[in-house]
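What follows is a set of notes on a single structure, which appears directly below.
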Amino acid sequence: MLVFHQSYYVFPYRLLRGYIYSLQFSTANVLFKMGSLFRSEEMCLSQLYLQSEAAFTCVSELGELGLVQFRDLNPDVNAFQRKFVNEVRRCDEMERKLRFLEKEVKKDDLHIDDNGENPTAPLPREMIDLENKFEKLENELRSVNSNQEALKKNFLELTELKHILRKTQQFFEQAALYQQDHQQVEVPQYDDEAPLITSEFSQGSFNKFGFVPGVLLREKVAAFERVIWRACRGNVFLRYTEIEAELEDPHTGDKVYKCVFIVFFQGDQLKNRIKKICEGFRATLYPCPETPQERREIAIGVMTRIEDLQTVLNQTADHRRIVLSQVALNIRVWMIKARKLKAIYHTLNLFNVNIAEKCLIAECWCPVVEIDRIQFALRKGTELSGSSVPSIMQRMSTKEAPPTYNRTDKFTSGFQAIIDAFGVANYREVNPAPFTIITFPFLFAVMFGDIGHGILMFLFALFLVRKERAFMQHKLDNEIFEMMFDGRYLILLMGIFSMYTGFLYNECFSRSINIFGSAWNVNAMNYSEQTLATNEYLTLDPNVTGVFRGYPLSYPTSTGLPYFYGIDPIWQSAENKISVQNSYKMKNAVLMGFGQMVFGLVLAMYNHRNFDDKIALYCEWLPQVLFLFALIGYLCVAILYKWSAWTVRQAGTAPSLLIGLIDMYMFTDPESNGRSALYAGQYTVQKILVVVTVICIPWMLFSKPYILYKRSQQKKGYTLVVDAEDNDDTQMTSLMEAGQSDEDDVAILHHEESGHAHDVKESEKFDMSEVLIYQVIHTIEYCLSCISHTASYLRLWALSLAHSELSEVLWSMVMSIGLGTSGPAGAIMTFLLFWFFSGLTVGILLVMEGLSAFLHAIRLHWVEFQSKFYKGEGYLFTPFSFSLIVEGKVDE
C-alpha cells in the first residue's frame with residue numbers, strides 16, 4: 001500500500017472534496033425545485049354519481065384533465081354484454097375506415113398535416129355525421145381504386161399485346177430474311193440474334209406449325225424453358241426477348257419486368273400441353289394473327305386504345321389525389337376524435353348503472369391535491385350536457401393500497417423510468433428519482449472520466465435536446481434511437497459530469513492538459529541527462545526533498561505546493577502512474593460507496609417515520625446503522641485519518657488498513673506483533689466496535705419477531721372486547737387505554753361496525769416460525785451485503801482504470817503512429833488515422849464502454865443503494881388521459 005507525503009496527497013483529498021461539494025450543491029438544488037418527487041402524491045378513492053345524460057361529457061372532461069384512474073366495477077361481466085358495447089364497435093369501425101384512408105394517403109406519398117390541433121371529443125349526436133362522412137370517403141376511394149385497378153389491368157394487357165405484336169413481327173421478319181440468305185441453318189441459339197427456326201422448319205411452310213405467343217415474368221423464363229423442353233420432349237421451339245420498359249402490377253402497384261415469348265409446335269396435343277404449362281407459370285397468352293397485315297392493323301388499334309386509356313388513367317389519378325389531399329388535411333383530427341370517442345365509451349363500460357336513479361356510478365383513484373380541479377371538470381361537463389342535476393363526488397375509505405403517482409416532466413421522466421424499471425415504489429414510499437438525477441450521472445462519470453469523451457457525449461445529447469420538437473412530431477421507428485432520445489437529458493448530464501471528472505483525472509482522450517502548470521520539480525529526482533533523454537516514462541517518487549515547486553530546494557523539511565486542482569499532468573509520463581491512481585481511486589470508491597449506502601439508510605428512516613413503523617425503526621434500522629458504521633464506517637474513517645496524519649516519510653512504517661481490519665476481528669493487538677498502530681488506543685476502539693457489530697446481529701434477528709409475537713397475544717386478549725355488544729366509543733376507549741389504537745385496530749373496528757365481523761386480520765393466525773424465518777433471511781442478507789455492497793463499489797475504480805487504459809492504448813496504437821511520422825507522409829497518415837481513431841473512439845469507448853458504465857451505474861443504484869430503503873412493490877397510477885391515448889402510450 002502506497003503512503004505519500006501529506007502535501008502530495010492533497011490532490012486525492014481535493015478530488016474527494018470536489019465530489020462532495022458537487023453532490024451537496026446539486027442535490028440541494030434538485031430537492032428545492034422538485035420536492036414533489038420525494039414521495040408520490042397522496043391519493044384517495046372517490047365515488048362518482050353521474051346522470052345518464054351528463055356521463056358522456058363528464059368523462060370527456062376528465063379525460064382532458066388526465067387525473068383520474070377508474071376502477072372496473074363489472075369485473076365479472078363479459079366485454080360483449082356491457083352497456084356501451086355497440087358504441088365501442090361503431091368506434092372500432094370508424095378507426096378501421098380511418099386506417100384505410102391513412103394507408104391510401106401514405107400510398108400516394110402525401111404529407112399528413114399535423115398542426116398540433118387537439119380537438120375535443122365530439123358529442124354522441126355528432127358520431128352519426130362522422131360515420132356517414134367516413135363511409136362516404138371509404139366507398140368513394142374503394143370505387144376509385146377498383147376502377148383504377150381495372151383500367152390499369154386493361155392498360156397492362158394492351159401494353160403487353162403491343163409488345164407481343166412488335167416482337168413477333170420482328171421474329172417472323174428475321175426468320176424470313178434468314179431463310180432467303182441461307183439454305184442451311186445451324187443449331188438455333190436462344191438469343192435475339194439467333195435464327196427463328198431450324199433447317200427442318202425452314203424447308204417447309206410456316207403454315208404447318210402453330211405458335212403460342214405470351215408474356216412471362218423475366219425471372220421465370222429459365223425454368224419455363226426447361227419445363228417446356230422436357231414436357232414436350234424437344235418437339236417445340238421457344239423464342240423469347242425482354243421487354244425493356246418496366247410494367248406496373250395493377251394489384252400491388254409494384255414495378256415488374258417481363259419477357260415476350262413465342263412457342264412453335266405441331267399438333268393439338270402439344271398445344272394443350274403448352275397452354276397448361278403457361279397457366280402453371282402464370283404466363284399471359286394473347287391471340288396473334290398469322291399475317292403481317294392483320295398484325296399491323298391490330299397494332300394500330302391497340303396504340304389508339306392505349307392513348308385513350310392513358311388519358312382516363314391520368315384523370316382518375318388526379319381525382320384520387322384531390323380526394324386524398326382533403327383527407328390528409330383532416331385525418332389526424334378525425335383519428336383523435338375517433339380515439340376519444342372509443343376511450344369514453346370504453347370507460348363508461350367500467351361503470352355501474354343504477355336504473356332506479358337513472359345514473360351511472362363510478363369509482364376512481366385521484367390525487368388529493370387535484371380534487372378541486374376534478375370537481376370543476378365535473379361541473380363543466382354537467383353544464384355542457386344541459387343537465388340540471390349536478391354530478392356528485394365523494395371520498396371513500398378503503399384498505400386497498402392506492403396507486404403510485406409521481407409527477408414528472410420531460411427532464412425527470414428519464415430518471416423516473418430507470419427507477420420504475422426496477423419496480424414501482426410503494427404508495428408514499430421515498431422516491432429515489434430526485435437523488436438519481438445527481439448520483440446516477442456522477443457515478444457514471446467516475447467510471448467514464450474523460451474530457452474529450454464527455455464533450456462528444458454532451459454534444460450528441462445537446463443535438464437531441466435542440467431537435468426534440470422535430471423528433472417528437474415524427475414517430476421514431478428505430479427502437480434503440482427512441483430509447484436514447486427518451487434519455488436525452490440523462491445523457492446530457494452524463495456528458496457534463498464526465499467532463500468534470502475528466503478534468504479531475506486530467507485526461508482528454510488519454511492525454512493530460514497542463515492548465516495550471518506542473519507542480520513537480522523533476523530536477524530534484526537527480527536523474528541524469530541521458531536518463532531523461534532516453535526514457536519516455538520515469539518513476540516519480542514523492543519521498544524526495546524538493547520535488548514540489550514553491551519552496552527553495554535548500555530546505556529539506558519544506559513541504560511544497562501540489563497541483564492546483566486535480567492530478568498533476570506530469571503523472572501521464574510516470575511509470576508508476578497506475579499504482580498511484582489505483583491507490584486513491586480504490587479508496588475513493590469505498591468512501592463514495594459508504595456515503596451512498598448511509599444516505600440510503602437515512603431515506604429508510606424517513607420511510608419508517610412516514611409510516612409510523614416504530615418497530616422497524618428501532619428493531620431494524622438502528623442496528624443496521626450501527627452495524628454499517630462499526631464495520632465499514634470505521635474503515636472509511638481510517639482511510640481519511642491515514643491520509644491526513646501519516647506523511648510520505650513514514651511510508652515504511654505505516655500500518656496496512658487491510659491487515660488492521662483483519663486484526664480487528666481477530667482481536668489482535670497490532671503492537672504485540674511488532675507493527676505500529678494507526679493511532680493511540682486503536683486496539684481498544686476496535687474491540688468495542690467488534691462487540692457492537694456482534695450485538696447488532698441478535699438485535700436485528702430476534703427483537704422484531706418477539707415484539708410482534710407479544711402484540712399478537714395482546715390482540716387475542718382484546719378479541720372479546722371487540723366482539724362484545726358495547727358502545728362503539730367504549731370499544732375505542734378500551735383499545736386506546738390499552739395502547740393498541742393503531743391503524744390496524746381502527747380498520748378492524750371499522751369492519752365490525754359495517755357488519756363484517758372477523759373479516760380479515762382477527763381471523764388470521766400469527767405464525768411465529770414464518771416471521772422468524774423471514775427475519776433470519778433479511779438479517780443474513782443485510783450483514784453479508786454490508787461487505788459485498790462495499791466491495792461492489794470497487795467497480796468505480798476498476799471501470800475507471802479500464803476506460804483510462806483502453807483510451808491510452810487506442811491513442812498509442814493509432815494516433816501516435818501518425819503524429820510520430822514527420823514530413824508529408826506523416827500529415828497524410830495522420831489524416832487517415834484520425835478517421836480510424838474517431839471510429840474506434842465512438843464505437844468502442846463511447847458506445848461499448850459507455851454502455852458498460854451505464855449498466856454498472858444502474859446496478860449500483862438498484863442493488864447497493866435502493867436495497868437499503870426501497871421495496872418497489874407498488875403499481876403505477878395510470879389515469880384516463882386523452883393525451884396518453886392519442887399518443888399511443890396507453891391502450892384505451
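Every chain in the C-alpha cells takes a letter, A first, then B, and so on in the order presented; its residues are numbered from 1, and the ligands are numbered from 1 following the presented order.
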
Can you check which residues of region 25-162 of chain A DSSP gives as alpha helix (DSSP H) on the backbone and send them as a PyMOL selection string? chain A and resi 25-33+52-65+85-107+126-162

What's around Leu165 (chain A) at 9 Å? Count only C-alpha atoms, leave out sequence neighbours fewer than 2 positions away in its own chain, and write the answer as a PyMOL selection string. chain A and resi 160-163+167-170+288-289+295-296+298-299

Selection from above, N, CA and C atoms, as a compact mmCIF listing (two decimals), in the first residue's frame, can you write it?
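Below is the file result_11.txt, written as the result:
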```txt
# COMPACT_ATOMS: atom_id res chain seq x y z
N GLU A 160 -48.87 -5.18 -73.06
CA GLU A 160 -48.25 -6.47 -73.35
C GLU A 160 -48.58 -6.93 -74.77
N LEU A 161 -49.83 -6.71 -75.21
CA LEU A 161 -50.20 -7.08 -76.57
C LEU A 161 -49.42 -6.27 -77.59
N LYS A 162 -49.19 -5.00 -77.27
CA LYS A 162 -48.39 -4.17 -78.17
C LYS A 162 -46.98 -4.73 -78.33
N HIS A 163 -46.37 -5.12 -77.21
CA HIS A 163 -45.02 -5.68 -77.28
C HIS A 163 -45.02 -7.04 -77.98
N LYS A 167 -42.75 -7.70 -81.13
CA LYS A 167 -41.67 -8.68 -81.06
C LYS A 167 -41.92 -9.85 -82.02
N THR A 168 -43.18 -10.33 -82.13
CA THR A 168 -43.45 -11.43 -83.05
C THR A 168 -43.23 -11.00 -84.49
N GLN A 169 -43.57 -9.74 -84.79
CA GLN A 169 -43.29 -9.25 -86.14
C GLN A 169 -41.80 -9.29 -86.42
N GLN A 170 -40.99 -8.93 -85.41
CA GLN A 170 -39.54 -8.99 -85.58
C GLN A 170 -39.08 -10.43 -85.75
N CYS A 288 -52.61 -13.83 -81.63
CA CYS A 288 -51.75 -13.09 -82.56
C CYS A 288 -52.05 -13.58 -83.98
N PRO A 289 -52.45 -12.68 -84.88
CA PRO A 289 -52.73 -13.10 -86.27
C PRO A 289 -51.47 -13.64 -86.93
N ARG A 295 -51.59 -8.12 -88.28
CA ARG A 295 -50.86 -7.69 -87.07
C ARG A 295 -50.68 -6.19 -87.04
N ARG A 296 -50.43 -5.57 -88.19
CA ARG A 296 -50.27 -4.11 -88.24
C ARG A 296 -51.58 -3.42 -87.90
N ILE A 298 -54.09 -4.55 -86.08
CA ILE A 298 -54.36 -4.69 -84.64
C ILE A 298 -53.45 -3.79 -83.82
N ALA A 299 -52.17 -3.67 -84.24
CA ALA A 299 -51.23 -2.82 -83.51
C ALA A 299 -51.67 -1.36 -83.52
```

Given only C-alpha atoms as the counted atoms, nearest of A:Gln47, A:Ser804, A:Ser60, A:Thr241 to Ala377 (chain A): A:Ser60

For CA of Cys508 (chain A) and CA of Thr790 (chain A), quote the distance in Å rounded to one decimal. 29.5 Å

Within 9 Å of Gln866 (chain A), counting only C-alpha atoms, which residues qualify if same-chain residues fewer than 4 places away don't, as a PyMOL selection string? chain A and resi 432+597+600+860-862+870-871

So, counting only C-alpha atoms, which residue among A:Lys275, A:Lys410, A:His453, A:Arg339 is closest to Val842 (chain A)?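 That would be A:His453, the residue with the smallest distance to Val842 (chain A).
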
So which residues touch Cys786 (chain A) within 12 Å, counting only C-alpha atoms, skipping near sequence neighbours fewer than 2 positions away, as a ChimeraX atom specification? /A:590,593-594,597-598,601,624-633,693,779-784,788-793,863-865,867-868

List the spatial neighbours of Glu242 (chain A) as number ranges by chain - criterion: any atom at most 8 Å away, only C-alpha atoms, same-chain residues fewer than 5 positions off excluded. A: 218, 258-260

Residues as selected, all heavy atoms, written as a PDB file, in the first residue's frame, can you do that?
```
ATOM      1  N   ARG A 218     -39.766 -12.099 -66.032  1.00  0.00           N
ATOM      2  CA  ARG A 218     -38.404 -12.325 -66.501  1.00  0.00           C
ATOM      3  C   ARG A 218     -37.683 -13.383 -65.661  1.00  0.00           C
ATOM      4  O   ARG A 218     -36.926 -14.203 -66.201  1.00  0.00           O
ATOM      5  CB  ARG A 218     -37.624 -11.001 -66.452  1.00  0.00           C
ATOM      6  CG  ARG A 218     -36.276 -11.061 -67.102  1.00  0.00           C
ATOM      7  CD  ARG A 218     -35.583  -9.707 -67.037  1.00  0.00           C
ATOM      8  NE  ARG A 218     -36.333  -8.679 -67.767  1.00  0.00           N
ATOM      9  CZ  ARG A 218     -35.946  -7.400 -67.835  1.00  0.00           C
ATOM     10  NH1 ARG A 218     -34.853  -7.012 -67.195  1.00  0.00           N
ATOM     11  NH2 ARG A 218     -36.662  -6.521 -68.526  1.00  0.00           N
ATOM     12  N   LYS A 258     -40.878  -8.114 -67.583  1.00  0.00           N
ATOM     13  CA  LYS A 258     -41.396  -9.293 -68.254  1.00  0.00           C
ATOM     14  C   LYS A 258     -40.679  -9.529 -69.575  1.00  0.00           C
ATOM     15  O   LYS A 258     -39.926  -8.672 -70.068  1.00  0.00           O
ATOM     16  CB  LYS A 258     -42.905  -9.160 -68.483  1.00  0.00           C
ATOM     17  CG  LYS A 258     -43.725  -9.113 -67.202  1.00  0.00           C
ATOM     18  CD  LYS A 258     -45.210  -9.142 -67.484  1.00  0.00           C
ATOM     19  CE  LYS A 258     -46.009  -9.197 -66.186  1.00  0.00           C
ATOM     20  NZ  LYS A 258     -47.470  -9.297 -66.433  1.00  0.00           N
ATOM     21  N   CYS A 259     -40.951 -10.708 -70.133  1.00  0.00           N
ATOM     22  CA  CYS A 259     -40.394 -11.106 -71.418  1.00  0.00           C
ATOM     23  C   CYS A 259     -41.527 -11.555 -72.337  1.00  0.00           C
ATOM     24  O   CYS A 259     -42.523 -12.134 -71.884  1.00  0.00           O
ATOM     25  CB  CYS A 259     -39.389 -12.252 -71.259  1.00  0.00           C
ATOM     26  SG  CYS A 259     -37.860 -11.779 -70.457  1.00  0.00           S
ATOM     27  N   VAL A 260     -41.353 -11.310 -73.633  1.00  0.00           N
ATOM     28  CA  VAL A 260     -42.259 -11.818 -74.649  1.00  0.00           C
ATOM     29  C   VAL A 260     -41.688 -13.135 -75.169  1.00  0.00           C
ATOM     30  O   VAL A 260     -40.498 -13.228 -75.481  1.00  0.00           O
ATOM     31  CB  VAL A 260     -42.428 -10.800 -75.794  1.00  0.00           C
ATOM     32  CG1 VAL A 260     -43.237 -11.421 -76.938  1.00  0.00           C
ATOM     33  CG2 VAL A 260     -43.112  -9.549 -75.279  1.00  0.00           C
TER      34      VAL A 260
END
```

Which residues are near Gly872 (chain A)? Cut-off 7 Å, only C-alpha atoms, ignore same chain within fewer than 4 positions. Put them as an MDAnalysis selection string. chainID A and resid 423:426

File dump, residues just selected, N, CA, C and O atoms, as a tab-separated table (two decimals), in the first residue's frame:
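Written out: result_12.tsv:
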```tsv
chain	number	residue	atom	x	y	z
A	423	GLY	N	-38.78	-1.44	-10.24
A	423	GLY	CA	-40.04	-1.71	-9.54
A	423	GLY	C	-40.67	-0.40	-9.12
A	423	GLY	O	-39.98	0.53	-8.69
A	424	VAL	N	-41.98	-0.34	-9.26
A	424	VAL	CA	-42.70	0.88	-8.89
A	424	VAL	C	-42.73	1.01	-7.38
A	424	VAL	O	-42.97	0.03	-6.66
A	425	ALA	N	-42.47	2.20	-6.90
A	425	ALA	CA	-42.42	2.44	-5.45
A	425	ALA	C	-43.77	2.15	-4.81
A	425	ALA	O	-44.83	2.33	-5.41
A	426	ASN	N	-43.71	1.69	-3.57
A	426	ASN	CA	-44.93	1.56	-2.79
A	426	ASN	C	-45.56	2.93	-2.58
A	426	ASN	O	-44.90	3.96	-2.70
```

Work out how far apart CA of Lys467 (chain A) and CA of Thr412 (chain A) are and give it in Å to one decimal. 18.1 Å

Just give me the gap between CA of Ile392 (chain A) and CA of Leu45 (chain A) in Å, one decimal is fine. 13.8 Å

Residue among A:Trp621, A:Tyr875, A:Tyr49, A:Phe880 lying closest to Tyr606 (chain A), counting only C-alpha atoms: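 Among A:Trp621, A:Tyr875, A:Tyr49, A:Phe880, it is A:Trp621 that comes nearest to Tyr606 (chain A).
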
Selected residue, from A:Cys636, A:Met499, A:Ile344, A:Leu48, that lies nearest to Leu123 (chain A) when counting only C-alpha atoms: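 Among the listed residues, the smallest separation from Leu123 (chain A) belongs to A:Ile344.
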